[in-house]
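File shown: my_file-v3.txt (compact mmCIF, C-alpha atoms).
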```txt
# COMPACT_ATOMS: atom_id res chain seq x y z
CA MET A 1 -21.79 23.96 -3.94
CA LYS A 2 -21.83 25.84 -0.68
CA THR A 3 -18.37 26.85 0.57
CA ARG A 4 -17.88 25.81 4.18
CA THR A 5 -15.34 26.31 6.91
CA ASN A 6 -14.22 23.27 8.88
CA ALA A 7 -16.66 24.15 11.67
CA GLU A 8 -19.50 24.44 9.17
CA TRP A 9 -18.77 21.04 7.65
CA LEU A 10 -18.90 19.49 11.10
CA THR A 11 -22.04 21.34 12.12
CA ASP A 12 -23.85 20.54 8.88
CA LEU A 13 -22.88 16.86 8.99
CA ARG A 14 -24.32 16.66 12.48
CA ALA A 15 -27.47 18.62 11.66
CA ASP A 16 -30.97 17.42 10.79
CA ALA A 17 -31.43 14.86 8.01
CA LYS A 18 -32.15 17.39 5.28
CA THR A 19 -29.06 19.50 5.98
CA ARG A 20 -26.94 16.43 6.46
CA ASP A 21 -28.01 14.89 3.17
CA ALA A 22 -27.24 18.12 1.32
CA THR A 23 -23.84 18.28 3.01
CA LEU A 24 -23.08 14.67 2.15
CA ALA A 25 -23.97 15.41 -1.46
CA ASP A 26 -21.45 18.28 -1.43
CA LEU A 27 -18.83 16.10 0.18
CA ARG A 28 -19.50 13.41 -2.40
CA ALA A 29 -18.79 16.00 -5.11
CA VAL A 30 -15.52 16.92 -3.37
CA ILE A 31 -14.39 13.27 -3.34
CA VAL A 32 -15.46 12.61 -6.93
CA SER A 33 -13.65 15.71 -8.17
CA GLY A 34 -10.40 14.66 -6.48
CA LEU A 35 -10.26 10.99 -7.42
CA PRO A 36 -9.18 11.40 -11.06
CA TYR A 37 -6.05 13.22 -9.81
CA ALA A 38 -5.45 10.78 -6.98
CA LEU A 39 -5.69 7.83 -9.35
CA SER A 40 -4.05 9.44 -12.38
CA ILE A 41 -1.01 7.17 -12.37
CA TRP A 42 -3.10 4.08 -11.64
CA LEU A 43 -6.28 4.33 -13.64
CA LYS A 44 -7.45 6.74 -16.32
CA PRO A 45 -11.03 8.04 -16.22
CA SER A 46 -11.51 6.30 -19.60
CA ASP A 47 -10.74 2.92 -18.01
CA PRO A 48 -13.84 0.69 -17.82
CA GLN A 49 -13.17 0.13 -14.09
CA PHE A 50 -12.97 3.81 -13.27
CA ASP A 51 -16.63 4.72 -12.73
CA ALA A 52 -17.44 1.70 -10.59
CA LEU A 53 -14.32 2.19 -8.51
CA THR A 54 -15.10 5.88 -8.01
CA GLU A 55 -18.60 5.03 -6.84
CA ASP A 56 -17.38 2.33 -4.42
CA VAL A 57 -14.59 4.51 -3.05
CA THR A 58 -16.87 7.50 -2.63
CA GLN A 59 -19.48 5.47 -0.80
CA GLU A 60 -16.96 3.85 1.53
CA THR A 61 -15.22 7.16 2.17
CA LEU A 62 -18.47 8.87 3.16
CA LEU A 63 -19.23 6.05 5.60
CA LYS A 64 -15.78 6.38 7.13
CA VAL A 65 -16.07 10.16 7.37
CA ILE A 66 -19.34 9.83 9.28
CA LYS A 67 -17.93 7.10 11.50
CA HIS A 68 -14.74 8.99 12.33
CA LEU A 69 -16.08 12.52 12.36
CA ASP A 70 -15.20 12.98 16.02
CA SER A 71 -11.56 12.19 15.31
CA PHE A 72 -11.13 15.17 12.95
CA GLU A 73 -8.84 17.55 14.82
CA GLY A 74 -8.89 20.49 12.43
CA ARG A 75 -5.20 20.13 11.57
CA SER A 76 -6.03 20.56 7.90
CA GLN A 77 -8.96 21.57 5.78
CA PHE A 78 -11.86 19.19 6.31
CA THR A 79 -11.89 18.43 2.60
CA THR A 80 -8.20 17.43 2.68
CA TRP A 81 -8.92 15.11 5.60
CA THR A 82 -11.76 13.58 3.58
CA GLN A 83 -9.58 13.22 0.48
CA LYS A 84 -6.94 11.51 2.59
CA ILE A 85 -9.50 8.89 3.55
CA ALA A 86 -10.58 8.51 -0.09
CA VAL A 87 -6.97 8.05 -1.21
CA ARG A 88 -6.39 5.31 1.37
CA VAL A 89 -9.61 3.52 0.40
CA ALA A 90 -8.89 3.77 -3.33
CA LEU A 91 -5.24 2.72 -3.25
CA SER A 92 -5.97 -0.16 -0.87
CA GLU A 93 -8.51 -1.49 -3.32
CA LEU A 94 -6.23 -1.01 -6.34
CA ARG A 95 -3.34 -2.73 -4.60
CA ARG A 96 -5.55 -5.64 -3.66
CA ARG A 97 -6.73 -6.01 -7.26
CA ARG A 98 -3.26 -5.75 -8.76
CA TRP A 99 -1.66 -8.30 -6.47
CA LYS A 100 -4.52 -10.71 -5.89
CA ASP A 101 -2.98 -13.44 -8.05
CA VAL A 102 0.54 -13.17 -6.61
CA SER A 103 1.33 -15.23 -3.55
CA LEU A 104 4.20 -14.71 -1.16
CA ASP A 105 5.25 -18.34 -1.62
CA SER A 106 5.75 -17.80 -5.34
CA MET A 107 8.44 -15.24 -4.50
CA MET A 108 10.52 -17.60 -2.42
CA THR A 109 12.76 -20.36 -3.74
CA GLU A 110 14.09 -23.34 -1.87
CA GLU A 111 17.72 -23.20 -0.86
CA GLY A 112 19.88 -25.39 -3.00
CA GLU A 113 17.70 -25.17 -6.06
CA GLU A 114 19.44 -22.03 -7.20
CA GLN A 115 23.02 -20.90 -7.45
CA MET A 116 24.11 -18.29 -4.95
CA PRO A 117 21.71 -15.79 -6.43
CA MET A 118 23.60 -12.54 -6.11
CA ALA A 119 26.73 -14.02 -7.64
CA GLN A 120 24.73 -14.47 -10.83
CA SER A 121 24.06 -10.77 -10.85
CA ASN A 122 27.75 -9.97 -10.67
CA THR A 123 28.43 -7.26 -13.21
CA ALA A 124 32.05 -6.29 -12.65
CA PRO A 125 34.36 -7.05 -15.60
CA ASP A 126 37.48 -6.69 -13.45
CA PRO A 127 38.22 -10.03 -11.69
CA ALA A 128 39.44 -8.34 -8.48
CA ARG A 129 36.32 -6.23 -8.31
CA ALA A 130 34.14 -9.22 -9.12
CA ALA A 131 35.76 -11.12 -6.25
CA GLU A 132 35.14 -8.18 -3.92
CA GLN A 133 31.50 -8.09 -4.97
CA SER A 134 31.10 -11.82 -4.45
CA GLU A 135 32.66 -11.58 -1.00
CA MET A 136 30.34 -8.72 -0.08
CA MET A 137 27.32 -10.62 -1.35
CA VAL A 138 28.17 -13.65 0.72
CA MET A 139 28.64 -11.47 3.79
CA ILE A 140 25.27 -9.78 3.33
CA GLN A 141 23.52 -13.08 2.68
CA ARG A 142 25.02 -14.39 5.91
CA MET A 143 23.88 -11.34 7.89
CA ILE A 144 20.37 -11.71 6.53
CA ALA A 145 20.31 -15.42 7.30
CA GLU A 146 21.68 -14.98 10.82
CA GLU A 147 19.96 -11.79 11.93
CA LEU A 148 16.48 -11.99 10.47
CA THR A 149 13.57 -14.26 11.26
CA GLU A 150 11.88 -16.18 8.48
CA LYS A 151 8.96 -13.76 8.64
CA GLN A 152 11.30 -10.79 8.27
CA ARG A 153 13.07 -12.43 5.31
CA MET A 154 9.75 -13.19 3.67
CA ALA A 155 8.56 -9.62 4.16
CA ILE A 156 11.80 -8.21 2.73
CA VAL A 157 11.69 -10.47 -0.31
CA ALA A 158 8.08 -9.51 -1.02
CA ALA A 159 8.16 -5.81 -0.18
CA ARG A 160 11.71 -4.73 -0.91
CA ILE A 161 12.77 -7.09 -3.67
CA ASN A 162 9.55 -7.90 -5.51
CA GLY A 163 7.93 -4.54 -4.89
CA MET A 164 4.73 -5.90 -3.37
CA PRO A 165 2.95 -3.16 -1.42
CA ILE A 166 3.46 -3.63 2.31
CA GLU A 167 -0.28 -3.44 2.78
CA GLU A 168 -0.65 -6.47 0.53
CA VAL A 169 2.26 -8.34 2.15
CA ALA A 170 0.61 -7.68 5.50
CA ARG A 171 -2.75 -8.96 4.26
CA GLN A 172 -1.20 -12.17 2.97
CA MET A 173 0.76 -12.67 6.18
CA GLY A 174 -2.37 -12.09 8.26
CA MET A 175 -0.98 -8.93 9.85
CA GLU A 176 -1.92 -5.27 10.08
CA ARG A 177 0.02 -2.92 7.81
CA ASN A 178 1.34 -1.11 10.89
CA ALA A 179 2.70 -4.36 12.33
CA LEU A 180 4.37 -5.25 9.04
CA TYR A 181 6.10 -1.88 8.90
CA LYS A 182 7.33 -2.52 12.43
CA LEU A 183 8.60 -5.96 11.37
CA LEU A 184 10.53 -4.39 8.50
CA HIS A 185 11.79 -1.59 10.74
CA ASP A 186 13.09 -4.16 13.24
CA ALA A 187 14.76 -6.03 10.38
CA ARG A 188 16.49 -2.87 9.15
CA LEU A 189 17.62 -2.01 12.65
CA ARG A 190 19.07 -5.50 13.16
CA LEU A 191 20.94 -5.34 9.87
CA LYS A 192 22.20 -1.84 10.66
CA LYS A 193 23.55 -2.94 14.04
CA ARG A 194 25.10 -6.08 12.58
CA MET A 195 26.81 -4.05 9.85
CA GLU A 196 28.16 -1.68 12.49
CA HIS A 197 29.34 -4.66 14.53
CA GLU A 198 31.14 -6.07 11.47
CA GLY A 199 32.69 -2.66 10.78
CA LEU A 200 30.96 -2.50 7.43
CA THR A 201 29.62 0.88 6.32
CA PRO A 202 26.78 1.27 3.83
CA GLU A 203 29.14 3.37 1.71
CA GLU A 204 31.55 0.43 1.42
CA VAL A 205 28.78 -1.87 0.26
CA LEU A 206 27.44 0.65 -2.22
CA SER A 207 30.87 1.45 -3.62
CA ALA A 208 31.64 -2.26 -4.03
CA PHE A 209 28.71 -2.51 -6.40
CA GLY A 210 29.55 0.67 -8.27
CA MET B 1 17.75 -32.47 11.37
CA TYR B 2 18.55 -29.89 8.71
CA ARG B 3 15.50 -27.92 7.76
CA ARG B 4 15.39 -26.52 4.28
CA GLN B 5 15.09 -22.80 4.58
CA LYS B 6 13.60 -20.30 2.20
CA GLU B 7 16.38 -18.46 0.38
CA MET B 8 16.22 -14.98 -1.04
CA GLN B 9 17.18 -13.62 -4.43
CA ILE B 10 18.62 -10.13 -4.44
CA PRO B 11 19.39 -8.34 -7.70
CA ILE B 12 22.13 -5.75 -7.25
CA ASP B 13 19.89 -2.68 -7.72
CA LYS B 14 17.51 -3.97 -5.04
CA LEU B 15 20.41 -4.81 -2.76
CA LYS B 16 21.72 -1.26 -3.06
CA ALA B 17 18.28 0.17 -2.34
CA MET B 18 18.02 -2.10 0.69
CA VAL B 19 21.43 -1.00 1.98
CA ARG B 20 20.45 2.65 1.54
CA GLY B 21 17.29 1.91 3.52
CA VAL B 22 19.31 0.25 6.27
CA ALA B 23 21.65 3.24 6.37
CA ARG B 24 18.72 5.66 6.82
CA THR B 25 17.07 3.55 9.51
CA GLN B 26 16.42 5.37 12.79
CA GLU B 27 15.95 3.83 16.22
CA ILE B 28 12.57 5.55 16.50
CA GLU B 29 10.40 5.79 13.41
CA TYR B 30 6.78 6.75 12.87
CA SER B 31 4.46 3.90 12.01
CA CYS B 32 2.09 3.95 9.04
CA GLU B 33 -0.75 4.95 11.35
CA ASP B 34 1.24 7.79 12.97
CA THR B 35 1.98 9.05 9.48
CA TYR B 36 -1.59 8.64 8.21
CA HIS B 37 -2.83 10.62 11.18
CA LEU B 38 -0.73 13.62 10.08
CA LEU B 39 -0.75 13.10 6.33
CA ASP B 40 -3.43 15.70 5.53
CA GLU B 41 -1.62 18.37 7.54
CA PHE B 42 1.74 17.36 6.07
CA THR B 43 0.41 17.40 2.50
CA GLU B 44 -1.09 20.87 2.88
CA ALA B 45 2.21 22.07 4.30
CA VAL B 46 4.05 20.69 1.26
CA ALA B 47 1.51 22.32 -1.07
CA GLN B 48 2.10 25.63 0.74
CA GLY B 49 5.87 25.26 0.22
CA LYS B 50 6.69 24.91 3.90
CA ASP B 51 9.89 23.23 5.06
CA VAL B 52 8.33 19.92 6.09
CA ALA B 53 11.68 18.23 6.72
CA GLN B 54 12.12 20.76 9.50
CA LEU B 55 8.49 20.93 10.66
CA MET B 56 7.56 17.24 10.54
CA PRO B 57 10.79 15.25 10.21
CA LEU B 58 9.35 11.96 11.38
CA VAL B 59 6.60 12.03 8.78
CA GLN B 60 9.16 12.95 6.14
CA GLN B 61 11.41 10.08 7.22
CA HIS B 62 8.55 7.57 7.20
CA LEU B 63 7.58 8.62 3.69
CA GLU B 64 11.14 8.00 2.57
CA MET B 65 11.04 4.49 4.02
CA CYS B 66 7.48 3.36 3.26
CA PRO B 67 6.44 3.05 -0.39
CA ASP B 68 2.75 2.59 0.43
CA CYS B 69 2.53 5.76 2.50
CA ARG B 70 4.61 7.62 -0.07
CA GLU B 71 2.16 6.64 -2.82
CA GLU B 72 -0.73 7.88 -0.70
CA PHE B 73 1.04 11.15 0.02
CA GLU B 74 1.80 11.70 -3.67
CA ALA B 75 -1.82 10.92 -4.61
CA LEU B 76 -3.15 13.31 -1.96
CA LEU B 77 -0.71 16.00 -3.03
CA ARG B 78 -1.97 15.77 -6.62
CA VAL B 79 -5.50 16.24 -5.32
CA VAL B 80 -4.66 19.15 -3.04
CA ARG B 81 -2.60 20.95 -5.66
CA THR B 82 -5.36 20.60 -8.22
CA THR B 83 -8.50 21.13 -6.20
CA GLN B 84 -7.20 23.58 -3.60
CA PRO B 85 -4.59 25.63 -5.45
CA GLY B 86 -4.51 28.12 -2.60
CA ALA B 87 -4.00 25.46 0.09
```

Let's see the structure in the file written out as structure tokens.
Amino acid sequence: MKTRTNAEWLTDLRADAKTRDATLADLRAVIVSGLPYALSIWLKPSDPQFDALTEDVTQETLLKVIKHLDSFEGRSQFTTWTQKIAVRVALSELRRRRWKDVSLDSMMTEEGEEQMPMAQSNTAPDPARAAEQSEMMVMIQRMIAEELTEKQRMAIVAARINGMPIEEVARQMGMERNALYKLLHDARLRLKKRMEHEGLTPEEVLSAFG
Amino acid sequence: MYRRQKEMQIPIDKLKAMVRGVARTQEIEYSCEDTYHLLDEFTEAVAQGKDVAQLMPLVQQHLEMCPDCREEFEALLRVVRTTQPGA
């Protein structure tokens, strides 16, 4: 494969059809060589899904590269920029596959059907400490109930407690990933300010739970 | 009329992680798109051993707060370290 500078990648991708096709073939090889490392903790090359996923990701990445070529600012190597796009495409698809059968509603329970949930998780053997933990739990539950909107609570339960990727939470809530991050950021800010208002430091909460 | 509200379950380990997240929350934070825009540059800087916390603190902070972006950074770093060892 021809070694290219950033400027040469851009020139060759904008050149006549023959040069462009050869350049795309080289870029395809770059993407394909990186994907096994990008996906190593998700999918092994021996997995039956691997080859088809690699092909789909490579194809979609090349289309995006062409479409967004003008937005490349030369802040990194062109190949790193391309790999970044491939990583986003691949992980988005893997997240969607992994979480497709899990709904946000299944993560929520109706109030009253459960005991105060955190009290069940109480682990302190010492009664005084257990009481302190219970009191802290109630206080935090109240802050969450009073400060956060239902959407924020739903996003926190899904993303922070059940570990659903925020991209997937966003998709199920009909939002962009960026907007969901903002929703969670606003929720954290509200809780931070409320804790400050109550004179409660994060250290106190953390030390109460050992 | 009382409306039944959705209630949340919080195991203690998740609660502690959430409190740590709240403690690290900044008034101004990069969004996922801000971070994505700089992720290739940031990842190369990490691969080159640069002090990214100093050079790009807002990207660093976002990656600490956002598991999706952190996964993408870690995946890209594996690629860069393997395919561009001199990056």

Interatomic distance (Å, one decimal) between atom CA of B:Glu41 and atom CA of A:Ala7
16.6 Å

Using all atoms listed in the file, find the one residue out of B:Val79, B:Cys69, B:Leu58, B:Ala47 that sits nearest to B:Glu27.
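The shortest atom-to-atom distance to B:Glu27 comes from B:Leu58.
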
Atom CA of A:Leu69 and atom CA of A:Leu13, how far apart in Å?
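Distance reported for this atom pair: 8.7 Å.
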
Within 8 Å of chain B, which residues of chain A are there when counting only C-alpha atoms? Please give them as a ChimeraX atom specification.
/A:33-35,37-39,75-76,80-81,83-84,87-88,91,108-111,117-118,121-122,150,153,157,160-161,165-167,177-178,181-182,185,188-189,191-192,202,205-206,209

For atom CA of A:Arg129 and atom CA of A:Arg194, the interatomic separation in Å (one decimal)
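A separation of 23.7 Å between them.
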
Nearest to A:Thr19 among A:Lys2, A:Gly74, A:Lys64, A:Gln133, with distances taken over all atoms listed in the file: which residue is it?
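Among the listed residues, A:Lys2 lies closest to A:Thr19.
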
Can you sort out stretch 172-184 of chain A so it carries N, CA and C atoms, written as an mmCIF file, in the frame of the given file?
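Generated output (rebuild_38.cif):
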```cif
data_model
loop_
_atom_site.group_PDB
_atom_site.id
_atom_site.type_symbol
_atom_site.label_atom_id
_atom_site.label_comp_id
_atom_site.auth_asym_id
_atom_site.auth_seq_id
_atom_site.Cartn_x
_atom_site.Cartn_y
_atom_site.Cartn_z
ATOM 1 N N GLN A 172 -1.487 -10.756 3.221
ATOM 2 C CA GLN A 172 -1.200 -12.170 2.970
ATOM 3 C C GLN A 172 -0.546 -12.851 4.165
ATOM 4 N N MET A 173 0.125 -12.071 4.985
ATOM 5 C CA MET A 173 0.760 -12.670 6.180
ATOM 6 C C MET A 173 -0.180 -12.629 7.381
ATOM 7 N N GLY A 174 -1.395 -12.137 7.167
ATOM 8 C CA GLY A 174 -2.370 -12.090 8.260
ATOM 9 C C GLY A 174 -2.013 -11.069 9.322
ATOM 10 N N MET A 175 -1.387 -9.971 8.896
ATOM 11 C CA MET A 175 -0.980 -8.930 9.850
ATOM 12 C C MET A 175 -1.594 -7.592 9.455
ATOM 13 N N GLU A 176 -1.554 -6.646 10.395
ATOM 14 C CA GLU A 176 -1.920 -5.270 10.080
ATOM 15 C C GLU A 176 -0.735 -4.615 9.380
ATOM 16 N N ARG A 177 -1.058 -3.639 8.529
ATOM 17 C CA ARG A 177 0.020 -2.920 7.810
ATOM 18 C C ARG A 177 1.018 -2.288 8.792
ATOM 19 N N ASN A 178 0.485 -1.725 9.880
ATOM 20 C CA ASN A 178 1.340 -1.110 10.890
ATOM 21 C C ASN A 178 2.350 -2.111 11.457
ATOM 22 N N ALA A 179 1.847 -3.313 11.743
ATOM 23 C CA ALA A 179 2.700 -4.360 12.330
ATOM 24 C C ALA A 179 3.755 -4.811 11.322
ATOM 25 N N LEU A 180 3.384 -4.836 10.039
ATOM 26 C CA LEU A 180 4.370 -5.250 9.040
ATOM 27 C C LEU A 180 5.469 -4.196 8.904
ATOM 28 N N TYR A 181 5.077 -2.927 8.963
ATOM 29 C CA TYR A 181 6.100 -1.880 8.900
ATOM 30 C C TYR A 181 7.070 -2.032 10.077
ATOM 31 N N LYS A 182 6.509 -2.334 11.232
ATOM 32 C CA LYS A 182 7.330 -2.520 12.430
ATOM 33 C C LYS A 182 8.287 -3.721 12.243
ATOM 34 N N LEU A 183 7.761 -4.776 11.649
ATOM 35 C CA LEU A 183 8.600 -5.960 11.370
ATOM 36 C C LEU A 183 9.766 -5.595 10.461
ATOM 37 N N LEU A 184 9.472 -4.807 9.429
ATOM 38 C CA LEU A 184 10.530 -4.390 8.500
ATOM 39 C C LEU A 184 11.490 -3.409 9.166
#
```
